[in-house]
Every structure is written in C-alpha cells, then in structure tokens.
>>> print(open('data-v5.txt').read())   # compact mmCIF, C-alpha atoms
# COMPACT_ATOMS: atom_id res chain seq x y z
CA MET A 1 -128.45 28.93 44.31
CA ASN A 2 -129.83 25.47 45.02
CA SER A 3 -131.85 24.68 48.16
CA THR A 4 -128.82 23.36 50.07
CA SER A 5 -126.82 26.53 49.41
CA LYS A 6 -129.77 28.71 50.44
CA ALA A 7 -130.24 26.67 53.63
CA ALA A 8 -126.53 26.99 54.39
CA LEU A 9 -126.79 30.76 54.00
CA TRP A 10 -129.74 30.93 56.40
CA MET A 11 -127.89 28.71 58.88
CA THR A 12 -124.87 30.98 58.70
CA GLY A 13 -127.14 33.72 60.01
CA ALA A 14 -128.41 31.43 62.77
CA ILE A 15 -124.87 30.44 63.82
CA ALA A 16 -123.77 34.07 63.90
CA SER A 17 -126.88 35.03 65.91
CA PHE A 18 -126.45 32.30 68.53
CA SER A 19 -122.76 33.15 68.90
CA ALA A 20 -123.50 36.87 69.23
CA MET A 21 -126.15 36.15 71.88
CA ALA A 22 -123.70 34.05 73.92
CA VAL A 23 -121.01 36.73 73.80
CA ALA A 24 -123.49 39.50 74.61
CA GLY A 25 -124.87 37.48 77.53
CA ARG A 26 -121.39 37.05 78.98
CA GLU A 27 -120.57 40.75 78.56
CA LEU A 28 -123.81 41.75 80.28
CA SER A 29 -123.28 39.46 83.27
CA ALA A 30 -120.94 41.94 84.94
CA VAL A 31 -123.81 44.46 85.27
CA HIS A 32 -127.13 42.63 84.84
CA ASP A 33 -128.35 39.34 86.29
CA THR A 34 -129.97 36.76 84.02
CA PHE A 35 -133.50 37.85 84.95
CA GLU A 36 -132.76 41.41 83.87
CA ILE A 37 -131.18 40.19 80.63
CA MET A 38 -134.32 38.18 79.87
CA MET A 39 -136.57 41.11 80.77
CA TYR A 40 -134.82 43.57 78.47
CA ARG A 41 -134.50 40.93 75.75
CA SER A 42 -138.27 40.44 75.91
CA PHE A 43 -138.91 44.20 75.73
CA VAL A 44 -136.96 44.25 72.46
CA GLY A 45 -138.88 41.19 71.31
CA VAL A 46 -142.27 42.78 72.03
CA LEU A 47 -141.35 45.81 69.91
CA VAL A 48 -140.04 43.70 67.00
CA VAL A 49 -142.96 41.23 67.00
CA SER A 50 -145.53 44.04 67.32
CA LEU A 51 -143.93 45.87 64.41
CA ALA A 52 -143.93 42.69 62.32
CA LEU A 53 -147.61 41.99 63.09
CA THR A 54 -148.49 45.60 62.19
CA LEU A 55 -146.58 45.62 58.90
CA THR A 56 -148.01 42.24 57.82
CA GLY A 57 -151.52 43.04 59.03
CA LYS A 58 -151.74 39.86 61.11
CA TRP A 59 -152.86 41.18 64.46
CA HIS A 60 -156.09 39.25 63.97
CA GLN A 61 -154.10 36.02 64.44
CA VAL A 62 -153.29 36.93 68.05
CA SER A 63 -155.92 35.38 70.32
CA THR A 64 -156.30 34.30 73.94
CA ARG A 65 -157.14 30.72 72.99
CA ALA A 66 -155.09 28.17 74.97
CA LEU A 67 -153.59 30.95 77.07
CA GLY A 68 -152.72 28.41 79.76
CA LEU A 69 -150.61 26.41 77.32
CA HIS A 70 -148.90 29.61 76.18
CA ALA A 71 -148.13 30.40 79.83
CA LEU A 72 -146.71 26.91 80.42
CA ARG A 73 -144.55 27.06 77.29
CA ASN A 74 -143.19 30.49 78.08
CA THR A 75 -142.48 29.64 81.71
CA VAL A 76 -140.37 26.59 80.83
CA HIS A 77 -138.61 28.54 78.06
CA PHE A 78 -137.95 31.43 80.44
CA THR A 79 -136.44 28.96 82.90
CA GLY A 80 -134.29 27.28 80.26
CA GLN A 81 -133.06 30.57 78.83
CA ASN A 82 -132.09 31.88 82.27
CA LEU A 83 -130.14 28.70 82.98
CA TRP A 84 -128.44 29.06 79.58
CA PHE A 85 -127.43 32.67 80.21
CA PHE A 86 -126.06 31.68 83.61
CA ALA A 87 -124.06 28.81 82.07
CA VAL A 88 -122.36 31.01 79.46
CA THR A 89 -120.94 33.13 82.28
CA VAL A 90 -119.28 30.32 84.25
CA ILE A 91 -118.10 27.59 81.83
CA PRO A 92 -116.48 27.65 78.36
CA LEU A 93 -118.90 28.65 75.61
CA ALA A 94 -118.14 25.49 73.61
CA GLN A 95 -119.18 23.34 76.57
CA VAL A 96 -122.51 25.19 76.85
CA PHE A 97 -123.24 24.71 73.15
CA ALA A 98 -122.23 21.04 73.26
CA LEU A 99 -124.66 20.31 76.09
CA GLU A 100 -127.36 22.37 74.36
CA PHE A 101 -127.24 19.87 71.47
CA THR A 102 -128.86 17.31 73.81
CA GLN A 103 -132.20 19.09 73.51
CA PRO A 104 -133.51 16.82 70.69
CA LEU A 105 -132.57 13.76 72.76
CA TRP A 106 -134.69 14.99 75.65
CA VAL A 107 -137.54 15.50 73.18
CA ILE A 108 -137.16 11.84 72.14
CA LEU A 109 -137.44 10.70 75.76
CA LEU A 110 -140.28 13.03 76.75
CA SER A 111 -142.47 12.79 73.62
CA PRO A 112 -143.98 9.37 74.48
CA LEU A 113 -145.07 10.74 77.87
CA LEU A 114 -146.27 14.20 76.80
CA LEU A 115 -147.26 13.78 73.13
CA GLY A 116 -148.15 10.09 73.02
CA GLU A 117 -145.53 9.37 70.35
CA ARG A 118 -144.14 5.87 69.97
CA MET A 119 -140.70 5.07 71.38
CA THR A 120 -138.83 3.09 68.71
CA ARG A 121 -135.59 1.17 69.00
CA VAL A 122 -133.85 3.81 66.89
CA ARG A 123 -134.98 6.55 69.28
CA VAL A 124 -133.73 4.56 72.27
CA ALA A 125 -130.39 4.01 70.54
CA ALA A 126 -130.16 7.74 69.72
CA ALA A 127 -130.84 8.65 73.35
CA VAL A 128 -128.20 6.19 74.63
CA ILE A 129 -125.61 7.53 72.18
CA GLY A 130 -126.45 11.07 73.23
CA PHE A 131 -126.05 10.19 76.92
CA ILE A 132 -122.59 8.78 76.18
CA GLY A 133 -121.78 12.09 74.50
CA ILE A 134 -122.90 13.98 77.62
CA LEU A 135 -120.54 11.89 79.74
CA ILE A 136 -117.66 12.68 77.37
CA VAL A 137 -118.41 16.42 77.49
CA ALA A 138 -118.87 16.56 81.27
CA ARG A 139 -116.23 13.87 82.08
CA PRO A 140 -117.36 13.24 85.67
CA GLY A 141 -114.37 12.16 87.70
CA ALA A 142 -111.84 13.67 85.28
CA SER A 143 -112.92 17.15 86.34
CA SER A 144 -115.24 18.57 88.96
CA LEU A 145 -118.90 18.54 87.97
CA ASN A 146 -119.51 22.24 88.47
CA ILE A 147 -122.72 24.24 88.61
CA GLY A 148 -122.22 25.60 85.08
CA ILE A 149 -122.30 22.13 83.52
CA LEU A 150 -125.44 21.24 85.49
CA MET A 151 -127.16 24.48 84.47
CA ALA A 152 -126.28 23.99 80.78
CA ALA A 153 -127.60 20.42 80.87
CA MET A 154 -130.79 21.52 82.63
CA SER A 155 -131.32 24.31 80.11
CA ALA A 156 -131.41 21.70 77.33
CA PHE A 157 -134.07 19.79 79.28
CA PHE A 158 -136.26 22.89 79.60
CA PHE A 159 -135.70 23.77 75.93
CA ALA A 160 -136.99 20.27 75.10
CA LEU A 161 -140.14 20.97 77.12
CA THR A 162 -140.45 24.21 75.14
CA THR A 163 -140.21 22.29 71.86
CA ILE A 164 -142.89 19.81 72.94
CA SER A 165 -145.30 22.51 74.10
CA THR A 166 -144.63 24.44 70.88
CA LYS A 167 -145.66 21.36 68.88
CA LYS A 168 -148.97 21.37 70.71
CA LEU A 169 -149.46 25.10 70.19
CA THR A 170 -148.75 25.04 66.45
CA ARG A 171 -151.85 22.89 66.01
CA ILE A 172 -154.10 25.71 67.21
CA ALA A 173 -152.10 28.96 67.00
CA SER A 174 -150.17 30.85 64.34
CA ILE A 175 -146.46 31.59 64.60
CA GLY A 176 -147.28 35.29 65.08
CA CYS A 177 -149.57 34.49 67.98
CA ILE A 178 -146.99 32.21 69.60
CA MET A 179 -144.23 34.81 69.24
CA PHE A 180 -146.42 37.60 70.60
CA TRP A 181 -147.32 35.75 73.79
CA LEU A 182 -143.73 34.50 74.07
CA THR A 183 -142.31 38.01 74.26
CA VAL A 184 -145.13 39.54 76.34
CA MET A 185 -145.28 36.78 78.94
CA GLN A 186 -141.53 36.55 79.28
CA ALA A 187 -141.31 40.31 79.71
CA ILE A 188 -143.75 40.00 82.62
CA LEU A 189 -141.86 37.04 84.08
CA GLY A 190 -138.62 38.99 83.71
CA MET A 191 -140.03 42.02 85.54
CA VAL A 192 -141.35 39.88 88.41
CA ALA A 193 -138.11 37.90 88.77
CA SER A 194 -135.89 40.98 88.39
CA GLY A 195 -137.85 43.01 90.90
CA TYR A 196 -138.07 40.25 93.49
CA ASP A 197 -135.07 41.66 95.38
CA GLY A 198 -136.40 45.20 95.06
CA GLN A 199 -133.65 46.28 92.70
CA ILE A 200 -133.60 46.42 88.90
CA VAL A 201 -130.44 47.71 87.25
CA LEU A 202 -131.25 50.08 84.40
CA PRO A 203 -129.40 49.82 81.09
CA THR A 204 -126.26 51.90 80.74
CA LEU A 205 -124.57 53.30 77.66
CA GLY A 206 -122.27 50.29 77.81
CA THR A 207 -124.91 47.59 78.28
CA ALA A 208 -127.77 48.94 76.12
CA PRO A 209 -126.22 47.82 72.78
CA PHE A 210 -125.64 44.31 74.15
CA LEU A 211 -129.21 44.12 75.47
CA VAL A 212 -130.57 45.08 72.06
CA LEU A 213 -128.22 42.56 70.46
CA VAL A 214 -129.49 39.76 72.72
CA GLY A 215 -133.10 40.60 71.84
CA LEU A 216 -132.53 40.81 68.09
CA ALA A 217 -130.15 37.83 67.90
CA GLY A 218 -132.59 35.51 69.68
CA LEU A 219 -135.40 36.29 67.25
CA LEU A 220 -133.13 36.28 64.20
CA ALA A 221 -131.60 32.90 65.04
CA HIS A 222 -134.95 31.13 65.12
CA PHE A 223 -136.15 33.02 62.04
CA CYS A 224 -133.09 31.80 60.11
CA ILE A 225 -133.52 28.19 61.26
CA THR A 226 -137.21 28.23 60.32
CA ASN A 227 -136.39 29.48 56.83
CA ALA A 228 -133.61 26.91 56.42
CA LEU A 229 -135.95 24.06 57.37
CA ALA A 230 -138.59 25.43 54.99
CA ILE A 231 -136.34 25.00 51.94
CA ALA A 232 -134.15 22.03 52.90
CA PRO A 233 -134.67 18.79 54.86
CA ALA A 234 -133.50 18.39 58.43
CA THR A 235 -130.84 15.93 57.24
CA VAL A 236 -129.18 18.91 55.53
CA VAL A 237 -129.90 21.64 58.09
CA VAL A 238 -128.84 19.82 61.27
CA PRO A 239 -125.26 19.05 60.15
CA ILE A 240 -124.84 22.72 59.21
CA ASP A 241 -126.16 23.74 62.63
CA PHE A 242 -123.43 21.58 64.20
CA ALA A 243 -120.93 24.14 62.88
CA ARG A 244 -122.06 26.28 65.81
CA LEU A 245 -119.76 24.30 68.08
CA PRO A 246 -116.38 24.86 66.39
CA THR A 247 -117.47 28.45 65.67
CA ILE A 248 -118.18 29.27 69.31
CA ALA A 249 -115.05 27.36 70.38
CA VAL A 250 -112.93 29.68 68.24
CA VAL A 251 -114.87 32.73 69.46
CA GLY A 252 -114.30 31.67 73.07
CA MET A 253 -110.58 31.17 72.41
CA LEU A 254 -110.13 34.54 70.68
CA LEU A 255 -112.23 36.68 73.03
CA TYR A 256 -111.79 34.96 76.39
CA GLY A 257 -108.70 32.79 76.04
CA GLU A 258 -110.70 29.57 76.50
CA PRO A 259 -108.64 26.50 75.53
CA LEU A 260 -109.90 24.28 72.70
CA ASP A 261 -110.92 21.13 74.60
CA ILE A 262 -110.80 18.16 72.24
CA TRP A 263 -113.08 16.10 74.50
CA VAL A 264 -115.84 18.71 74.27
CA LEU A 265 -115.66 18.46 70.48
CA VAL A 266 -115.60 14.64 70.60
CA GLY A 267 -118.54 14.50 73.01
CA ALA A 268 -120.52 16.96 70.92
CA ALA A 269 -119.82 14.85 67.82
CA VAL A 270 -121.21 11.79 69.63
CA ILE A 271 -124.31 13.75 70.70
CA PHE A 272 -124.73 14.91 67.10
CA GLY A 273 -124.44 11.29 65.95
CA GLY A 274 -127.34 10.28 68.18
CA ASN A 275 -129.46 13.17 66.91
CA TYR A 276 -128.63 12.46 63.28
CA LEU A 277 -129.41 8.75 63.62
CA ASN A 278 -132.91 9.65 64.73
CA ILE A 279 -133.34 12.26 61.98
CA LEU A 280 -132.34 9.76 59.30
CA ALA A 281 -134.81 7.20 60.65
CA GLU A 282 -137.63 9.75 60.81
CA THR A 283 -136.87 10.96 57.26
CA ARG A 284 -136.98 7.41 55.88
CA ASN A 285 -140.29 6.73 57.62
CA THR A 286 -141.92 9.85 56.17
CA THR A 287 -140.73 9.10 52.61
CA ARG A 288 -142.05 5.55 52.51
>>> encode(input="data-v5.txt", output="structure tokens")
Amino acid sequence: MNSTSKAALWMTGAIASFSAMAVAGRELSAVHDTFEIMMYRSFVGVLVVSLALTLTGKWHQVSTRALGLHALRNTVHFTGQNLWFFAVTVIPLAQVFALEFTQPLWVILLSPLLLGERMTRVRVAAAVIGFIGILIVARPGASSLNIGILMAAMSAFFFALTTISTKKLTRIASIGCIMFWLTVMQAILGMVASGYDGQIVLPTLGTAPFLVLVGLAGLLAHFCITNALAIAPATVVVPIDFARLPTIAVVGMLLYGEPLDIWVLVGAAVIFGGNYLNILAETRNTTR
C-alpha cells in the first residue's frame, strides 16, 4: 500500500470513531447529562492512557511542568466537548459535523492573537469563505436559529482554543504527558460538574457499553488522525476527513430518520473549501 492508501485506511478508522461517538452520545442523552458523559468518558481514558504508558514504559514523560497550561487546555476542551455532546442531541448529526469543520477557521483567526502568527491574505480569504459556509449551514432567516446550532458553532470555537493551546504544549510536553493530564483533569472537571446538583446517575447495563464506546472512540479517532498525518500530507488527509459529513448524514437518516439537507452539504463544502485553500497555501510555503 502506498502512503495515500494507508492514510485513507487510518482516516476510515477516524470517521467510524467520530460517527460512533456521536451516535453513542445521542443514545446516552436519555439517561446521562453531558457532564456525566464526559466524566465517564474520561474515566475510560485514564485507564487506557495509563495502560499505554505502562506498556511502553513512558511514565517518566509525565511531569507537572506547565500544569497551568494543561489546566487551561483541558478546561476549554471540556467546555467544547460538552457543547458538542449537547448539540448532537438536539439538531441533525450532519449539521453538527458541518459546523465542527469551522474549527480550523477559528484557529486562523485566533493564531495571530494567541500564537503571534502572521495573518496573510490567503488566511483572511479562507476565513471569509468559511463564514459564508456557516451562513449556508445555519441559514438564518430561512429557519429558526436554535440553541443546537449555536452550541455546535461554539464547540468549534472552543476546539480551536484547544488546538492552539495544544500547539504550545507540544513544544514542552510529550503526547503521553498531554493525554495523561487531559484524561485526569477532565475526569475531575466531570465529577465536579456532574455532582454540582447533588446527583450523579450511575451507569446501567444499557448505558455502560455506550459510555465505554464514547471513551474508546474519542481516543481512537485522534490516534487514527495522528497516524494518517504522519504518513501523508494534510492536503491528502483533510479531503478524506471531509467524508465524515456524508457518512454521518447517512447514519442520521438510517438511525434517526433525519432528512438529507442539501444546504448542509453545500455549506459544509464551502467551509471545506476555505480550509483547503489555507492548507494548500501553507503547504506551498513550507516546500519553497
């Protein structure tokens, strides 16, 4: 297999994982709130990451250096993930995924402020194109701008903050260290948020498999994407990742009777176009 075929295989795993997590999140919403879902997901994550660190003998990489930055990253990610889980319960899954694709555009806009990166004309154009795509997906005026759309859009913003803080962390911490503090801190945040009302719903025989699935799928999705990017350029990986949208649209139609909205697909394609324009420009700059 060539590198493109291998990357496509890894991305198939990522697409399946993201789709499984969305379906599991919706199934769990009848019993558990989003805070509880995140708490149990993090418990699974702690076990998996701890096992991985033990088997690879890399516990020495876990340190308390930059613990404040870890806390900031995991707080914004916890917020974004909770908003995402809420969105998948109230609006069509395809709409959630379409708005999630705006994450790289938020990174473009926030990087000059938070990372000191230069804002180029191509990046501005990409952001404008992406904003047009958001308007097509949300269609304000054509339909009511409901809370689910707002939550999905906000989740992409917080995921962008997560990406930016991760960039800073990777300069001083290993992936194992980042993943360890991710799961531990989010487990603590989940327990605090879940117990705020004095009531935490325990897993049942019906919800336990879905909770485990959410925990494993989240880790597996990012593991697959990381491996895909390691063997193929982003110009190859990102278009494959876009297949998530028609995949989840079909899943939503088959499992929940959600109609295939052509405007969601069109808007997502426009958002993808803005992202891809920026990726092409960045790739050309790095190869000169």
>>> residues_around(input="data-v5.txt", residues="A:Thr120", least_positions_apart="3", cutoff="12 Å", atoms="all atoms listed in the file", output="number ranges by chain")
A: 108-109, 111-112, 117, 123-127, 278, 281-282, 285
>>> closest_residue(input="data-v5.txt", among="A:Val212, A:Met253, A:Leu205, A:Cys177", to="A:Ala52", atoms="all atoms listed in the file")
A:Cys177
>>> atom_distance(input="data-v5.txt", atom1="atom CA of A:Leu280", atom2="atom CA of A:Val266")
20.8 Å
>>> closest_residue(input="data-v5.txt", among="A:Ser19, A:Thr204, A:Val49, A:Gly116", to="A:Ile178", atoms="only C-alpha atoms")
A:Val49
>>> closest_atom_pairs(input="data-v5.txt", of="stretch 144-226 of chain A", to="stretch 63-68 of chain A", cutoff="12 Å", atoms="all atoms listed in the file", output="Markdown table")
| residue | atom | partner | partner_atom | distance |
| --- | --- | --- | --- | --- |
| A:Ser165 | CA | A:Gly68 | CA | 11.0 |
| A:Thr166 | CA | A:Ala66 | CA | 11.8 |
| A:Lys168 | CA | A:Ala66 | CA | 10.1 |
| A:Leu169 | CA | A:Ala66 | CA | 8.0 |
| A:Thr170 | CA | A:Ala66 | CA | 11.1 |
| A:Arg171 | CA | A:Ala66 | CA | 10.9 |
| A:Ile172 | CA | A:Ala66 | CA | 8.2 |
| A:Ala173 | CA | A:Arg65 | CA | 8.0 |
| A:Ser174 | CA | A:Ser63 | CA | 9.5 |
| A:Ile175 | CA | A:Ser63 | CA | 11.7 |
| A:Gly176 | CA | A:Ser63 | CA | 10.1 |
| A:Cys177 | CA | A:Ser63 | CA | 6.8 |
| A:Ile178 | CA | A:Ser63 | CA | 9.5 |
| A:Met179 | CA | A:Ser63 | CA | 11.8 |
| A:Phe180 | CA | A:Ser63 | CA | 9.8 |
| A:Trp181 | CA | A:Leu67 | CA | 8.6 |
| A:Leu182 | CA | A:Leu67 | CA | 10.9 |
| A:Met185 | CA | A:Leu67 | CA | 10.3 |
>>> closest_residue(input="data-v5.txt", among="A:Gln186, A:Gly45, A:Thr283, A:Thr4", to="A:Leu220", atoms="only C-alpha atoms")
A:Gly45
>>> closest_residue(input="data-v5.txt", among="A:Pro209, A:Pro92, A:Gly190, A:Gly198", to="A:Leu245", atoms="all atoms listed in the file")
A:Pro92
>>> atom_distance(input="data-v5.txt", atom1="atom CA of A:Trp10", atom2="atom CA of A:Leu28")
26.9 Å
>>> closest_residue(input="data-v5.txt", among="A:Pro104, A:Gly218, A:Gly25, A:Gly130", to="A:Val44", atoms="only C-alpha atoms")
A:Gly218
>>> residues_around(input="data-v5.txt", residues="A:Met38", least_positions_apart="5", cutoff="12 Å", atoms="only C-alpha atoms", output="PDB file with C-alpha atoms, keeping the file's coordinate frame")
ATOM      1  CA  MET A  21    -126.150  36.150  71.880  1.00  0.00           C
ATOM      2  CA  GLY A  25    -124.870  37.480  77.530  1.00  0.00           C
ATOM      3  CA  LEU A  28    -123.810  41.750  80.280  1.00  0.00           C
ATOM      4  CA  SER A  29    -123.280  39.460  83.270  1.00  0.00           C
ATOM      5  CA  HIS A  32    -127.130  42.630  84.840  1.00  0.00           C
ATOM      6  CA  ASP A  33    -128.350  39.340  86.290  1.00  0.00           C
ATOM      7  CA  PHE A  43    -138.910  44.200  75.730  1.00  0.00           C
ATOM      8  CA  VAL A  44    -136.960  44.250  72.460  1.00  0.00           C
ATOM      9  CA  GLY A  45    -138.880  41.190  71.310  1.00  0.00           C
ATOM     10  CA  ASN A  74    -143.190  30.490  78.080  1.00  0.00           C
ATOM     11  CA  THR A  75    -142.480  29.640  81.710  1.00  0.00           C
ATOM     12  CA  HIS A  77    -138.610  28.540  78.060  1.00  0.00           C
ATOM     13  CA  PHE A  78    -137.950  31.430  80.440  1.00  0.00           C
ATOM     14  CA  THR A  79    -136.440  28.960  82.900  1.00  0.00           C
ATOM     15  CA  GLY A  80    -134.290  27.280  80.260  1.00  0.00           C
ATOM     16  CA  GLN A  81    -133.060  30.570  78.830  1.00  0.00           C
ATOM     17  CA  ASN A  82    -132.090  31.880  82.270  1.00  0.00           C
ATOM     18  CA  LEU A  83    -130.140  28.700  82.980  1.00  0.00           C
ATOM     19  CA  TRP A  84    -128.440  29.060  79.580  1.00  0.00           C
ATOM     20  CA  PHE A  85    -127.430  32.670  80.210  1.00  0.00           C
ATOM     21  CA  PHE A  86    -126.060  31.680  83.610  1.00  0.00           C
ATOM     22  CA  LEU A 182    -143.730  34.500  74.070  1.00  0.00           C
ATOM     23  CA  THR A 183    -142.310  38.010  74.260  1.00  0.00           C
ATOM     24  CA  VAL A 184    -145.130  39.540  76.340  1.00  0.00           C
ATOM     25  CA  MET A 185    -145.280  36.780  78.940  1.00  0.00           C
ATOM     26  CA  GLN A 186    -141.530  36.550  79.280  1.00  0.00           C
ATOM     27  CA  ALA A 187    -141.310  40.310  79.710  1.00  0.00           C
ATOM     28  CA  ILE A 188    -143.750  40.000  82.620  1.00  0.00           C
ATOM     29  CA  LEU A 189    -141.860  37.040  84.080  1.00  0.00           C
ATOM     30  CA  GLY A 190    -138.620  38.990  83.710  1.00  0.00           C
ATOM     31  CA  MET A 191    -140.030  42.020  85.540  1.00  0.00           C
ATOM     32  CA  VAL A 192    -141.350  39.880  88.410  1.00  0.00           C
ATOM     33  CA  ALA A 193    -138.110  37.900  88.770  1.00  0.00           C
ATOM     34  CA  SER A 194    -135.890  40.980  88.390  1.00  0.00           C
ATOM     35  CA  LEU A 211    -129.210  44.120  75.470  1.00  0.00           C
ATOM     36  CA  VAL A 212    -130.570  45.080  72.060  1.00  0.00           C
ATOM     37  CA  VAL A 214    -129.490  39.760  72.720  1.00  0.00           C
ATOM     38  CA  GLY A 215    -133.100  40.600  71.840  1.00  0.00           C
ATOM     39  CA  GLY A 218    -132.590  35.510  69.680  1.00  0.00           C
TER      40      GLY A 218
END
>>> residues_around(input="data-v5.txt", residues="A:Asn146", least_positions_apart="6", cutoff="12 Å", atoms="only C-alpha atoms", output="mmCIF file with C-alpha atoms, keeping the file's coordinate frame")
data_model
loop_
_atom_site.group_PDB
_atom_site.id
_atom_site.type_symbol
_atom_site.label_atom_id
_atom_site.label_comp_id
_atom_site.auth_asym_id
_atom_site.auth_seq_id
_atom_site.Cartn_x
_atom_site.Cartn_y
_atom_site.Cartn_z
ATOM 1 C CA ALA A 87 -124.060 28.810 82.070
ATOM 2 C CA VAL A 90 -119.280 30.320 84.250
ATOM 3 C CA ILE A 91 -118.100 27.590 81.830
ATOM 4 C CA PRO A 92 -116.480 27.650 78.360
ATOM 5 C CA GLN A 95 -119.180 23.340 76.570
ATOM 6 C CA ALA A 138 -118.870 16.560 81.270
ATOM 7 C CA ARG A 139 -116.230 13.870 82.080
ATOM 8 C CA PRO A 140 -117.360 13.240 85.670
ATOM 9 C CA ALA A 152 -126.280 23.990 80.780
ATOM 10 C CA ALA A 153 -127.600 20.420 80.870
#
>>> residues_around(input="data-v5.txt", residues="A:Val76", least_positions_apart="5", cutoff="7 Å", atoms="all atoms listed in the file", output="MDAnalysis selection string")
chainID A and resid 158 161:162
>>> axis_aligned_box(input="data-v5.txt", around="stretch 243-248 of chain A", padding_each_side="5 Å", output="lines of an AutoDock Vina configuration file")
center_x = -119.2
center_y = 26.7
center_z = 66.1
size_x = 15.7
size_y = 15.1
size_z = 16.4
>>> atom_distance(input="data-v5.txt", atom1="atom CA of A:Val96", atom2="atom CA of A:Val46")
26.9 Å
>>> closest_residue(input="data-v5.txt", among="A:Leu135, A:Gln61, A:Gly148, A:Thr163", to="A:Leu110", atoms="all atoms listed in the file")
A:Thr163
>>> residues_around(input="data-v5.txt", residues="stretch 222-231 of chain A", least_positions_apart="5", cutoff="10 Å", atoms="all atoms listed in the file", output="list in words")
Asn2, Ser3, Thr4, Ser5, Lys6, Ala7, Ala8, Leu9, Trp10, Met11, Thr12, Gly13, Ala14, Ile15, Ser17, Phe18, Ala217, Val236, Val237, Val238 and Asp241 of chain A
>>> build_atoms(input="data-v5.txt", residues="stretch 90-101 of chain A", atoms="N, CA, C and O atoms", output="PDB file, in the frame of the given file")
ATOM      1  N   VAL A  90    -120.117  31.046  83.290  1.00  0.00           N
ATOM      2  CA  VAL A  90    -119.280  30.320  84.250  1.00  0.00           C
ATOM      3  C   VAL A  90    -118.495  29.148  83.644  1.00  0.00           C
ATOM      4  O   VAL A  90    -117.573  28.647  84.286  1.00  0.00           O
ATOM      5  N   ILE A  91    -118.856  28.672  82.453  1.00  0.00           N
ATOM      6  CA  ILE A  91    -118.100  27.590  81.830  1.00  0.00           C
ATOM      7  C   ILE A  91    -117.784  27.980  80.388  1.00  0.00           C
ATOM      8  O   ILE A  91    -118.394  28.910  79.843  1.00  0.00           O
ATOM      9  N   PRO A  92    -116.824  27.312  79.748  1.00  0.00           N
ATOM     10  CA  PRO A  92    -116.480  27.650  78.360  1.00  0.00           C
ATOM     11  C   PRO A  92    -117.700  27.616  77.447  1.00  0.00           C
ATOM     12  O   PRO A  92    -118.580  26.758  77.583  1.00  0.00           O
ATOM     13  N   LEU A  93    -117.755  28.547  76.512  1.00  0.00           N
ATOM     14  CA  LEU A  93    -118.900  28.650  75.610  1.00  0.00           C
ATOM     15  C   LEU A  93    -119.106  27.372  74.806  1.00  0.00           C
ATOM     16  O   LEU A  93    -120.247  26.958  74.561  1.00  0.00           O
ATOM     17  N   ALA A  94    -118.025  26.721  74.393  1.00  0.00           N
ATOM     18  CA  ALA A  94    -118.140  25.490  73.610  1.00  0.00           C
ATOM     19  C   ALA A  94    -118.829  24.397  74.423  1.00  0.00           C
ATOM     20  O   ALA A  94    -119.602  23.604  73.885  1.00  0.00           O
ATOM     21  N   GLN A  95    -118.565  24.354  75.720  1.00  0.00           N
ATOM     22  CA  GLN A  95    -119.180  23.340  76.570  1.00  0.00           C
ATOM     23  C   GLN A  95    -120.691  23.586  76.694  1.00  0.00           C
ATOM     24  O   GLN A  95    -121.493  22.649  76.678  1.00  0.00           O
ATOM     25  N   VAL A  96    -121.079  24.846  76.790  1.00  0.00           N
ATOM     26  CA  VAL A  96    -122.510  25.190  76.850  1.00  0.00           C
ATOM     27  C   VAL A  96    -123.205  24.738  75.571  1.00  0.00           C
ATOM     28  O   VAL A  96    -124.265  24.094  75.608  1.00  0.00           O
ATOM     29  N   PHE A  97    -122.626  25.063  74.418  1.00  0.00           N
ATOM     30  CA  PHE A  97    -123.240  24.710  73.150  1.00  0.00           C
ATOM     31  C   PHE A  97    -123.290  23.202  72.952  1.00  0.00           C
ATOM     32  O   PHE A  97    -124.261  22.660  72.400  1.00  0.00           O
ATOM     33  N   ALA A  98    -122.246  22.494  73.395  1.00  0.00           N
ATOM     34  CA  ALA A  98    -122.230  21.040  73.260  1.00  0.00           C
ATOM     35  C   ALA A  98    -123.379  20.408  74.037  1.00  0.00           C
ATOM     36  O   ALA A  98    -124.083  19.525  73.532  1.00  0.00           O
ATOM     37  N   LEU A  99    -123.585  20.857  75.270  1.00  0.00           N
ATOM     38  CA  LEU A  99    -124.660  20.310  76.090  1.00  0.00           C
ATOM     39  C   LEU A  99    -126.029  20.743  75.575  1.00  0.00           C
ATOM     40  O   LEU A  99    -127.026  20.025  75.741  1.00  0.00           O
ATOM     41  N   GLU A 100    -126.090  21.905  74.937  1.00  0.00           N
ATOM     42  CA  GLU A 100    -127.360  22.370  74.360  1.00  0.00           C
ATOM     43  C   GLU A 100    -127.829  21.452  73.242  1.00  0.00           C
ATOM     44  O   GLU A 100    -129.033  21.318  72.994  1.00  0.00           O
ATOM     45  N   PHE A 101    -126.884  20.789  72.558  1.00  0.00           N
ATOM     46  CA  PHE A 101    -127.240  19.870  71.470  1.00  0.00           C
ATOM     47  C   PHE A 101    -127.994  18.642  71.971  1.00  0.00           C
ATOM     48  O   PHE A 101    -128.478  17.846  71.158  1.00  0.00           O
TER      49      PHE A 101
END
